[in-house]
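Have a look at the structure below before the remarks.
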Amino acid sequence: MNAFDYKDLGRIDYSEALQIQTAAFEELLQAKAKGMERHNRLFFCEHQPVLTIGKSGKDANLLIPEARLQEMGIAYYHIGRGGDITYHGPGQITGYPVFDLEYWHLGLKQYIYRLEEVIIRFLSLYGIEGERLEGATGVWIEPHRVGRARKICAIGVKSSRFVTMHGFALNINTDLNYFSLINPCGFTDKGVTSLARELGDTQDFELAKERLAMLFREYFPPLRP
């Protein structure tokens, strides 16, 4: 028995994935309000190239005109999560946990910390040391080395009545050139990286998803009544 239902949506347009997770979010909120049985859900997917910017993000962190994005076939969305601007695309595991945090007795900060811990554990399976950087949500490599800090996983969450949506973007085989179009997560002095770049070779994407889903089951387990 799992505490959540897991579904791999495969490669999917951002708008379609947003509709799916929003429907799950609203369903979970309504069930909670009515005292009905609640279903936590975890979605993994890959997106076609898209930039998203959070509610506190700054358009100035998009470094090219929006019209140029259209010419390049890159979608652009203002969305209701926390965080600034980031890129999603092929080779990246984008995860959307639609969770009732009260099931695990978690607050929002504790939840984000646990998400980071899942990613840190995942990276350790590949011999990579992921770390936190104070004041910069997500998972980093060498965050305290000047000129070396690079983000491998961005995290941005929306929460209402302790029900979450949006989530994380973990670079596996991601084309990092797209990040040159933005100041990733609003930073101008830090880089981005991927599992493939760190290990020097393309990684088994399906295996990465399996390992990550396994860790989610470990860190968000079913609780006894």
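Ordering of the structure tokens sets the chain letters (A, B, ...); residue numbers start at 1 within each chain; ligands are numbered from 1 in the order shown.
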Practice problem: Would you mind listing what lies within 6 Å of region 5-9 of chain A as a PyMOL selection string, with only C-alpha atoms counted and same-chain residues fewer than 2 positions away left out? | Solution: chain A and resi 41-45
Quiz prompt | In region 52-192 of chain A, DSSP helix (DSSP H, G or I) residues written as a PyMOL selection string | solution = chain A and resi 59-61+66-72+101-104+108-124+176-181+184-186
Quiz prompt | Polymer residues at most 12 Å from Ala23 (chain A), only C-alpha atoms, same-chain spacing of 5 or more positions, as a list in words | solution =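 Within the cut-off, the hits are Glu16, Ala17, Leu18, Leu28, Leu29, Gln30, Arg41, Val98 and Met165 of chain A.
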Expected file contents, prior selection, all heavy atoms, as a PDB file, in the first residue's frame:
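That gives us selection-v1.pdb:
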ATOM      1  N   GLU A  16      -1.158  20.799 -20.853  1.00  0.00           N
ATOM      2  CA  GLU A  16      -1.920  19.589 -20.550  1.00  0.00           C
ATOM      3  C   GLU A  16      -1.582  19.059 -19.159  1.00  0.00           C
ATOM      4  O   GLU A  16      -2.472  18.667 -18.393  1.00  0.00           O
ATOM      5  CB  GLU A  16      -1.646  18.519 -21.605  1.00  0.00           C
ATOM      6  CG  GLU A  16      -2.508  17.280 -21.449  1.00  0.00           C
ATOM      7  CD  GLU A  16      -2.279  16.249 -22.533  1.00  0.00           C
ATOM      8  OE1 GLU A  16      -1.552  16.546 -23.511  1.00  0.00           O
ATOM      9  OE2 GLU A  16      -2.836  15.138 -22.410  1.00  0.00           O
ATOM     10  N   ALA A  17      -0.298  19.051 -18.826  1.00  0.00           N
ATOM     11  CA  ALA A  17       0.112  18.602 -17.492  1.00  0.00           C
ATOM     12  C   ALA A  17      -0.450  19.526 -16.413  1.00  0.00           C
ATOM     13  O   ALA A  17      -0.840  19.070 -15.333  1.00  0.00           O
ATOM     14  CB  ALA A  17       1.634  18.545 -17.403  1.00  0.00           C
ATOM     15  N   LEU A  18      -0.500  20.818 -16.700  1.00  0.00           N
ATOM     16  CA  LEU A  18      -1.038  21.775 -15.735  1.00  0.00           C
ATOM     17  C   LEU A  18      -2.516  21.484 -15.476  1.00  0.00           C
ATOM     18  O   LEU A  18      -2.978  21.549 -14.329  1.00  0.00           O
ATOM     19  CB  LEU A  18      -0.848  23.200 -16.245  1.00  0.00           C
ATOM     20  CG  LEU A  18      -1.308  24.334 -15.321  1.00  0.00           C
ATOM     21  CD1 LEU A  18      -0.564  24.294 -13.988  1.00  0.00           C
ATOM     22  CD2 LEU A  18      -1.108  25.688 -16.003  1.00  0.00           C
ATOM     23  N   LEU A  28      -8.568  17.091  -4.502  1.00  0.00           N
ATOM     24  CA  LEU A  28      -8.058  16.823  -3.162  1.00  0.00           C
ATOM     25  C   LEU A  28      -8.532  17.892  -2.180  1.00  0.00           C
ATOM     26  O   LEU A  28      -8.928  17.582  -1.046  1.00  0.00           O
ATOM     27  CB  LEU A  28      -6.529  16.749  -3.193  1.00  0.00           C
ATOM     28  CG  LEU A  28      -5.807  16.365  -1.893  1.00  0.00           C
ATOM     29  CD1 LEU A  28      -6.384  15.110  -1.275  1.00  0.00           C
ATOM     30  CD2 LEU A  28      -4.317  16.181  -2.160  1.00  0.00           C
ATOM     31  N   LEU A  29      -8.531  19.144  -2.602  1.00  0.00           N
ATOM     32  CA  LEU A  29      -9.034  20.219  -1.744  1.00  0.00           C
ATOM     33  C   LEU A  29     -10.501  20.011  -1.385  1.00  0.00           C
ATOM     34  O   LEU A  29     -10.906  20.188  -0.230  1.00  0.00           O
ATOM     35  CB  LEU A  29      -8.861  21.572  -2.443  1.00  0.00           C
ATOM     36  CG  LEU A  29      -7.531  22.299  -2.279  1.00  0.00           C
ATOM     37  CD1 LEU A  29      -7.519  23.565  -3.137  1.00  0.00           C
ATOM     38  CD2 LEU A  29      -7.273  22.665  -0.815  1.00  0.00           C
ATOM     39  N   GLN A  30     -11.305  19.655  -2.385  1.00  0.00           N
ATOM     40  CA  GLN A  30     -12.735  19.467  -2.147  1.00  0.00           C
ATOM     41  C   GLN A  30     -12.985  18.278  -1.226  1.00  0.00           C
ATOM     42  O   GLN A  30     -13.831  18.349  -0.325  1.00  0.00           O
ATOM     43  CB  GLN A  30     -13.465  19.276  -3.473  1.00  0.00           C
ATOM     44  CG  GLN A  30     -13.526  20.540  -4.325  1.00  0.00           C
ATOM     45  CD  GLN A  30     -14.164  20.309  -5.675  1.00  0.00           C
ATOM     46  OE1 GLN A  30     -14.860  19.313  -5.874  1.00  0.00           O
ATOM     47  NE2 GLN A  30     -13.920  21.225  -6.619  1.00  0.00           N
ATOM     48  N   ARG A  41      -1.476  12.323  -4.973  1.00  0.00           N
ATOM     49  CA  ARG A  41      -1.003  11.876  -6.281  1.00  0.00           C
ATOM     50  C   ARG A  41       0.386  12.452  -6.563  1.00  0.00           C
ATOM     51  O   ARG A  41       0.687  13.576  -6.165  1.00  0.00           O
ATOM     52  CB  ARG A  41      -1.972  12.296  -7.383  1.00  0.00           C
ATOM     53  CG  ARG A  41      -3.306  11.561  -7.338  1.00  0.00           C
ATOM     54  CD  ARG A  41      -4.216  11.975  -8.482  1.00  0.00           C
ATOM     55  NE  ARG A  41      -5.357  11.093  -8.603  1.00  0.00           N
ATOM     56  CZ  ARG A  41      -6.501  11.249  -7.946  1.00  0.00           C
ATOM     57  NH1 ARG A  41      -6.651  12.263  -7.104  1.00  0.00           N
ATOM     58  NH2 ARG A  41      -7.502  10.405  -8.121  1.00  0.00           N
ATOM     59  N   VAL A  98       0.914  16.191  -5.734  1.00  0.00           N
ATOM     60  CA  VAL A  98      -0.339  16.797  -5.262  1.00  0.00           C
ATOM     61  C   VAL A  98      -0.659  16.082  -3.959  1.00  0.00           C
ATOM     62  O   VAL A  98      -1.309  15.033  -3.939  1.00  0.00           O
ATOM     63  CB  VAL A  98      -1.460  16.648  -6.310  1.00  0.00           C
ATOM     64  CG1 VAL A  98      -2.734  17.335  -5.814  1.00  0.00           C
ATOM     65  CG2 VAL A  98      -1.029  17.258  -7.648  1.00  0.00           C
ATOM     66  N   MET A 165       0.658  21.712  -5.042  1.00  0.00           N
ATOM     67  CA  MET A 165       0.798  21.405  -6.465  1.00  0.00           C
ATOM     68  C   MET A 165       2.090  22.060  -6.957  1.00  0.00           C
ATOM     69  O   MET A 165       2.794  22.698  -6.187  1.00  0.00           O
ATOM     70  CB  MET A 165      -0.415  21.859  -7.281  1.00  0.00           C
ATOM     71  CG  MET A 165      -0.682  23.335  -7.311  1.00  0.00           C
ATOM     72  SD  MET A 165      -2.134  23.749  -8.337  1.00  0.00           S
ATOM     73  CE  MET A 165      -1.525  23.401  -9.997  1.00  0.00           C
TER      74      MET A 165
END
Quiz item: With only C-alpha atoms as the atoms that count, which of A:Asp84, A:Glu218, A:Glu37, A:Asp59 lies nearest to Val157 (chain A)?
Solution: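 Smallest separation from Val157 (chain A) among the options: A:Asp84.
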Practice problem: Give me every strand (DSSP E) residue in region 83-206 of chain A, going by DSSP on the backbone, as a ChimeraX atom specification. | Solution: /A:85-88,92-98,131-133,136-141,150-160,163-171,191-192
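Minimum distance to His47 (chain A) across A:Glu116, A:Asp13, A:Asp204, A:Asp100 (counting only C-alpha atoms) occurs at A:Asp13.
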Exercise. Determine the nearest neighbour of Tyr87 (chain A) from the options A:Leu215, A:Ala60, A:Met72, A:Leu181, counting only C-alpha atoms.
Key: A:Leu181
Quiz prompt | Exercise: Pro143 (chain A) partners within 8 Å, only C-alpha atoms, chain neighbours under 6 positions left out, as a list in words | solution = Glu131, Arg132, Leu133, Ala149 and Arg150 of chain A
Preceding selection exported with N, CA and C atoms as a PDB file, in the first residue's frame:
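Result written to part-v3.pdb:
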ATOM      1  N   GLU A 131      23.577  19.423  -2.241  1.00  0.00           N
ATOM      2  CA  GLU A 131      23.517  20.210  -1.008  1.00  0.00           C
ATOM      3  C   GLU A 131      22.436  21.281  -1.106  1.00  0.00           C
ATOM      4  N   ARG A 132      22.099  21.830   0.054  1.00  0.00           N
ATOM      5  CA  ARG A 132      21.201  22.980   0.118  1.00  0.00           C
ATOM      6  C   ARG A 132      22.027  24.254   0.134  1.00  0.00           C
ATOM      7  N   LEU A 133      21.388  25.343  -0.275  1.00  0.00           N
ATOM      8  CA  LEU A 133      21.996  26.663  -0.202  1.00  0.00           C
ATOM      9  C   LEU A 133      21.001  27.567   0.492  1.00  0.00           C
ATOM     10  N   ALA A 149      29.215  27.056  -7.931  1.00  0.00           N
ATOM     11  CA  ALA A 149      27.848  26.706  -7.517  1.00  0.00           C
ATOM     12  C   ALA A 149      26.966  26.500  -8.743  1.00  0.00           C
ATOM     13  N   ARG A 150      26.273  25.366  -8.767  1.00  0.00           N
ATOM     14  CA  ARG A 150      25.402  25.059  -9.899  1.00  0.00           C
ATOM     15  C   ARG A 150      24.196  24.263  -9.399  1.00  0.00           C
TER      16      ARG A 150
END
Write out as a tab-separated table (two decimals) with all heavy atoms, in the first residue's frame the residues lying within 12 Å of Gly130 (chain A), counting only C-alpha atoms and excluding same-chain residues fewer than 3 positions away.
chain	number	residue	atom	x	y	z
A	116	GLU	N	13.82	18.34	-0.95
A	116	GLU	CA	15.26	18.49	-1.18
A	116	GLU	C	16.01	17.23	-0.74
A	116	GLU	O	16.94	16.79	-1.41
A	116	GLU	CB	15.78	19.72	-0.43
A	116	GLU	CG	15.27	21.04	-1.01
A	116	GLU	CD	15.59	22.22	-0.13
A	116	GLU	OE1	15.80	22.04	1.09
A	116	GLU	OE2	15.62	23.36	-0.64
A	117	GLU	N	15.57	16.66	0.37
A	117	GLU	CA	16.25	15.46	0.88
A	117	GLU	C	16.08	14.29	-0.08
A	117	GLU	O	17.03	13.50	-0.28
A	117	GLU	CB	15.69	15.10	2.25
A	117	GLU	CG	16.51	14.08	3.02
A	117	GLU	CD	17.91	14.57	3.36
A	117	GLU	OE1	18.14	15.80	3.44
A	117	GLU	OE2	18.79	13.70	3.54
A	118	VAL	N	14.91	14.16	-0.69
A	118	VAL	CA	14.70	13.10	-1.69
A	118	VAL	C	15.70	13.25	-2.84
A	118	VAL	O	16.32	12.27	-3.27
A	118	VAL	CB	13.25	13.15	-2.22
A	118	VAL	CG1	13.11	12.24	-3.45
A	118	VAL	CG2	12.26	12.73	-1.15
A	119	ILE	N	15.87	14.48	-3.32
A	119	ILE	CA	16.78	14.71	-4.44
A	119	ILE	C	18.23	14.47	-4.03
A	119	ILE	O	19.02	13.88	-4.78
A	119	ILE	CB	16.61	16.14	-4.99
A	119	ILE	CG1	15.15	16.40	-5.42
A	119	ILE	CG2	17.57	16.38	-6.16
A	119	ILE	CD1	14.62	15.45	-6.46
A	120	ILE	N	18.58	14.90	-2.83
A	120	ILE	CA	19.94	14.68	-2.33
A	120	ILE	C	20.25	13.18	-2.24
A	120	ILE	O	21.32	12.72	-2.64
A	120	ILE	CB	20.13	15.38	-0.97
A	120	ILE	CG1	20.16	16.91	-1.18
A	120	ILE	CG2	21.40	14.91	-0.27
A	120	ILE	CD1	20.08	17.71	0.11
A	121	ARG	N	19.28	12.42	-1.74
A	121	ARG	CA	19.45	10.96	-1.67
A	121	ARG	C	19.57	10.37	-3.07
A	121	ARG	O	20.37	9.45	-3.32
A	121	ARG	CB	18.27	10.33	-0.93
A	121	ARG	CG	18.41	10.30	0.57
A	121	ARG	CD	19.36	9.21	1.06
A	121	ARG	NE	18.98	7.89	0.57
A	121	ARG	CZ	18.01	7.13	1.07
A	121	ARG	NH1	17.29	7.56	2.09
A	121	ARG	NH2	17.77	5.94	0.55
A	122	PHE	N	18.75	10.85	-3.99
A	122	PHE	CA	18.80	10.36	-5.37
A	122	PHE	C	20.18	10.59	-5.96
A	122	PHE	O	20.77	9.67	-6.56
A	122	PHE	CB	17.74	11.09	-6.20
A	122	PHE	CG	17.85	10.85	-7.68
A	122	PHE	CD1	17.31	9.72	-8.26
A	122	PHE	CD2	18.51	11.77	-8.50
A	122	PHE	CE1	17.42	9.49	-9.64
A	122	PHE	CE2	18.62	11.56	-9.86
A	122	PHE	CZ	18.08	10.41	-10.43
A	123	LEU	N	20.73	11.76	-5.80
A	123	LEU	CA	22.04	12.07	-6.35
A	123	LEU	C	23.13	11.19	-5.74
A	123	LEU	O	24.08	10.80	-6.42
A	123	LEU	CB	22.37	13.55	-6.14
A	123	LEU	CG	21.49	14.55	-6.91
A	123	LEU	CD1	21.81	15.97	-6.48
A	123	LEU	CD2	21.67	14.38	-8.42
A	124	SER	N	22.95	10.86	-4.46
A	124	SER	CA	23.95	10.02	-3.79
A	124	SER	C	24.04	8.64	-4.43
A	124	SER	O	25.09	7.98	-4.36
A	124	SER	CB	23.65	9.91	-2.29
A	124	SER	OG	22.53	9.06	-2.06
A	125	LEU	N	22.94	8.19	-5.05
A	125	LEU	CA	22.95	6.90	-5.74
A	125	LEU	C	23.93	6.91	-6.92
A	125	LEU	O	24.36	5.86	-7.39
A	125	LEU	CB	21.55	6.53	-6.23
A	125	LEU	CG	20.46	6.38	-5.16
A	125	LEU	CD1	19.11	6.10	-5.82
A	125	LEU	CD2	20.82	5.27	-4.19
A	126	TYR	N	24.24	8.11	-7.40
A	126	TYR	CA	25.16	8.28	-8.52
A	126	TYR	C	26.53	8.80	-8.08
A	126	TYR	O	27.35	9.20	-8.90
A	126	TYR	CB	24.55	9.24	-9.55
A	126	TYR	CG	23.31	8.70	-10.22
A	126	TYR	CD1	22.06	8.87	-9.64
A	126	TYR	CD2	23.38	8.02	-11.43
A	126	TYR	CE1	20.90	8.38	-10.25
A	126	TYR	CE2	22.24	7.53	-12.04
A	126	TYR	CZ	21.00	7.71	-11.44
A	126	TYR	OH	19.87	7.21	-12.05
A	127	GLY	N	26.74	8.82	-6.77
A	127	GLY	CA	28.02	9.28	-6.25
A	127	GLY	C	28.19	10.78	-6.29
A	127	GLY	O	29.32	11.29	-6.26
A	133	LEU	N	21.39	25.34	-0.27
A	133	LEU	CA	22.00	26.66	-0.20
A	133	LEU	C	21.00	27.57	0.49
A	133	LEU	O	19.88	27.76	0.00
A	133	LEU	CB	22.32	27.19	-1.60
A	133	LEU	CG	22.95	28.58	-1.68
A	133	LEU	CD1	24.28	28.63	-0.94
A	133	LEU	CD2	23.15	28.99	-3.15
A	138	GLY	N	15.97	24.47	-3.47
A	138	GLY	CA	16.41	23.57	-4.52
A	138	GLY	C	17.62	22.78	-4.07
A	138	GLY	O	18.00	22.81	-2.89
A	139	VAL	N	18.23	22.07	-5.00
A	139	VAL	CA	19.42	21.26	-4.68
A	139	VAL	C	20.56	21.70	-5.57
A	139	VAL	O	20.40	21.86	-6.79
A	139	VAL	CB	19.14	19.76	-4.83
A	139	VAL	CG1	20.39	18.95	-4.55
A	139	VAL	CG2	18.01	19.34	-3.88
A	140	TRP	N	21.72	21.87	-4.95
A	140	TRP	CA	22.89	22.45	-5.60
A	140	TRP	C	24.08	21.52	-5.49
A	140	TRP	O	24.13	20.64	-4.63
A	140	TRP	CB	23.26	23.78	-4.91
A	140	TRP	CG	22.19	24.82	-4.98
A	140	TRP	CD1	21.05	24.88	-4.22
A	140	TRP	CD2	22.16	25.94	-5.85
A	140	TRP	NE1	20.32	25.98	-4.57
A	140	TRP	CE2	20.97	26.65	-5.56
A	140	TRP	CE3	23.03	26.41	-6.83
A	140	TRP	CZ2	20.63	27.81	-6.25
A	140	TRP	CZ3	22.69	27.57	-7.50
A	140	TRP	CH2	21.50	28.26	-7.21
A	141	ILE	N	25.06	21.76	-6.33
A	141	ILE	CA	26.35	21.09	-6.26
A	141	ILE	C	27.42	22.16	-6.04
A	141	ILE	O	27.41	23.19	-6.71
A	141	ILE	CB	26.63	20.28	-7.54
A	141	ILE	CG1	25.59	19.15	-7.66
A	141	ILE	CG2	28.04	19.70	-7.53
A	141	ILE	CD1	25.67	18.38	-8.95
A	142	GLU	N	28.26	21.92	-5.06
A	142	GLU	CA	29.31	22.87	-4.65
A	142	GLU	C	28.74	24.29	-4.46
A	142	GLU	O	29.27	25.27	-5.01
A	142	GLU	CB	30.44	22.89	-5.68
A	142	GLU	CG	31.17	21.55	-5.79
A	142	GLU	CD	32.36	21.61	-6.72
A	142	GLU	OE1	32.18	21.94	-7.92
A	142	GLU	OE2	33.48	21.34	-6.25
A	143	PRO	N	27.67	24.43	-3.68
A	143	PRO	CA	27.01	25.73	-3.57
A	143	PRO	C	27.85	26.82	-2.91
A	143	PRO	O	27.57	28.01	-3.11
A	143	PRO	CB	25.77	25.41	-2.71
A	143	PRO	CG	26.17	24.21	-1.91
A	143	PRO	CD	27.04	23.41	-2.83
A	144	HIS	N	28.84	26.42	-2.14
A	144	HIS	CA	29.62	27.42	-1.39
A	144	HIS	C	30.97	27.73	-2.02
A	144	HIS	O	31.77	28.47	-1.45
A	144	HIS	CB	29.80	26.95	0.06
A	144	HIS	CG	28.49	26.63	0.73
A	144	HIS	ND1	27.56	27.61	1.03
A	144	HIS	CD2	27.96	25.44	1.13
A	144	HIS	CE1	26.52	27.04	1.61
A	144	HIS	NE2	26.74	25.75	1.68
A	149	ALA	N	29.22	27.06	-7.93
A	149	ALA	CA	27.85	26.71	-7.52
A	149	ALA	C	26.97	26.50	-8.74
A	149	ALA	O	26.91	27.34	-9.64
A	149	ALA	CB	27.28	27.81	-6.63
A	150	ARG	N	26.27	25.37	-8.77
A	150	ARG	CA	25.40	25.06	-9.90
A	150	ARG	C	24.20	24.26	-9.40
A	150	ARG	O	24.33	23.34	-8.61
A	150	ARG	CB	26.16	24.29	-10.98
A	150	ARG	CG	26.90	23.05	-10.50
A	150	ARG	CD	28.08	22.75	-11.40
A	150	ARG	NE	28.74	21.48	-11.04
A	150	ARG	CZ	29.69	21.36	-10.11
A	150	ARG	NH1	30.07	22.43	-9.41
A	150	ARG	NH2	30.23	20.18	-9.87
A	151	LYS	N	23.04	24.67	-9.91
A	151	LYS	CA	21.79	24.03	-9.48
A	151	LYS	C	21.47	22.86	-10.40
A	151	LYS	O	21.51	22.98	-11.61
A	151	LYS	CB	20.64	25.04	-9.48
A	151	LYS	CG	19.30	24.46	-9.06
A	151	LYS	CD	18.20	25.52	-8.98
A	151	LYS	CE	18.20	26.21	-7.64
A	151	LYS	NZ	16.97	27.03	-7.46
A	152	ILE	N	21.09	21.74	-9.78
A	152	ILE	CA	20.70	20.57	-10.55
A	152	ILE	C	19.20	20.30	-10.43
A	152	ILE	O	18.62	19.61	-11.26
A	152	ILE	CB	21.52	19.34	-10.11
A	152	ILE	CG1	21.39	18.20	-11.15
A	152	ILE	CG2	21.13	18.87	-8.71
A	152	ILE	CD1	22.38	17.08	-10.98
A	153	CYS	N	18.56	20.88	-9.41
A	153	CYS	CA	17.13	20.67	-9.22
A	153	CYS	C	16.48	21.94	-8.69
A	153	CYS	O	16.88	22.45	-7.63
A	153	CYS	CB	16.87	19.52	-8.26
A	153	CYS	SG	15.11	19.16	-8.02
A	170	LEU	N	14.19	18.27	-12.12
A	170	LEU	CA	15.49	17.65	-11.91
A	170	LEU	C	16.15	17.37	-13.25
A	170	LEU	O	15.61	16.62	-14.07
A	170	LEU	CB	15.31	16.34	-11.12
A	170	LEU	CG	16.56	15.48	-10.92
A	170	LEU	CD1	17.65	16.23	-10.16
A	170	LEU	CD2	16.18	14.19	-10.18
A	193	THR	N	23.31	22.63	-13.92
A	193	THR	CA	23.97	21.43	-14.37
A	193	THR	C	22.96	20.31	-14.49
A	193	THR	O	21.76	20.51	-14.22
A	193	THR	CB	25.12	21.03	-13.40
A	193	THR	OG1	25.90	20.00	-14.00
A	193	THR	CG2	24.59	20.57	-12.05
A	194	SER	N	23.42	19.16	-14.91
A	194	SER	CA	22.56	17.99	-15.06
A	194	SER	C	23.32	16.76	-14.60
A	194	SER	O	24.55	16.78	-14.45
A	194	SER	CB	22.14	17.82	-16.52
A	194	SER	OG	23.27	17.48	-17.32
A	195	LEU	N	22.59	15.69	-14.40
A	195	LEU	CA	23.23	14.43	-14.04
A	195	LEU	C	24.20	13.99	-15.14
A	195	LEU	O	25.31	13.55	-14.86
A	195	LEU	CB	22.15	13.36	-13.80
A	195	LEU	CG	22.58	12.08	-13.10
A	195	LEU	CD1	23.12	12.36	-11.71
A	195	LEU	CD2	21.41	11.10	-13.04
A	198	GLU	N	27.41	16.07	-15.01
A	198	GLU	CA	28.25	15.74	-13.86
A	198	GLU	C	28.96	14.40	-14.05
A	198	GLU	O	30.10	14.23	-13.62
A	198	GLU	CB	27.42	15.72	-12.58
A	198	GLU	CG	26.85	17.08	-12.18
A	198	GLU	CD	27.91	18.13	-11.93
A	198	GLU	OE1	28.91	17.81	-11.26
A	198	GLU	OE2	27.75	19.26	-12.43
Quiz item: How many Å separate CA of Arg114 (chain A) from CA of Gln19 (chain A)?
Solution: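 Taking CA of Arg114 (chain A) and CA of Gln19 (chain A), their separation equals 25.5 Å.
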Self-check item: Option closest in space to Thr137 (chain A), from A:Ile74, A:Ala24, A:Leu101, A:Ile155 [counting only C-alpha atoms]
Solution: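 Of A:Ile74, A:Ala24, A:Leu101, A:Ile155, the one nearest Thr137 (chain A) is A:Ile155, counting only C-alpha atoms.
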Quiz item: In Å, with one decimal, what is the gap from CA of Arg211 (chain A) to CA of Ser180 (chain A)?
Solution: 29.2 Å
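In this model, the gap between CA of Pro97 (chain A) and CA of Lys32 (chain A) comes to 16.3 Å.
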Practice problem: Rank nothing, just name the residue among A:Gly10, A:Pro65, A:Gly156, A:Gly107 nearest to Phe205 (chain A), using only C-alpha atoms. | Solution: A:Gly10
Counting only C-alpha atoms, which residues of region 159-205 of chain A sit at most 12 Å from some atom of region 77-80 of chain A, and what is each one's closest atom pair with its distance in Å to one decimal, listed by chain and rising residue number, as JSON lines?
{"residue": "A:Ser159", "atom": "CA", "partner": "A:Gly80", "partner_atom": "CA", "distance": 9.5}
{"residue": "A:Ser160", "atom": "CA", "partner": "A:Gly80", "partner_atom": "CA", "distance": 11.1}
{"residue": "A:Thr164", "atom": "CA", "partner": "A:Gly80", "partner_atom": "CA", "distance": 11.3}
{"residue": "A:Met165", "atom": "CA", "partner": "A:Gly80", "partner_atom": "CA", "distance": 9.4}
{"residue": "A:His166", "atom": "CA", "partner": "A:Gly80", "partner_atom": "CA", "distance": 8.6}
{"residue": "A:Gly167", "atom": "CA", "partner": "A:Gly80", "partner_atom": "CA", "distance": 11.4}
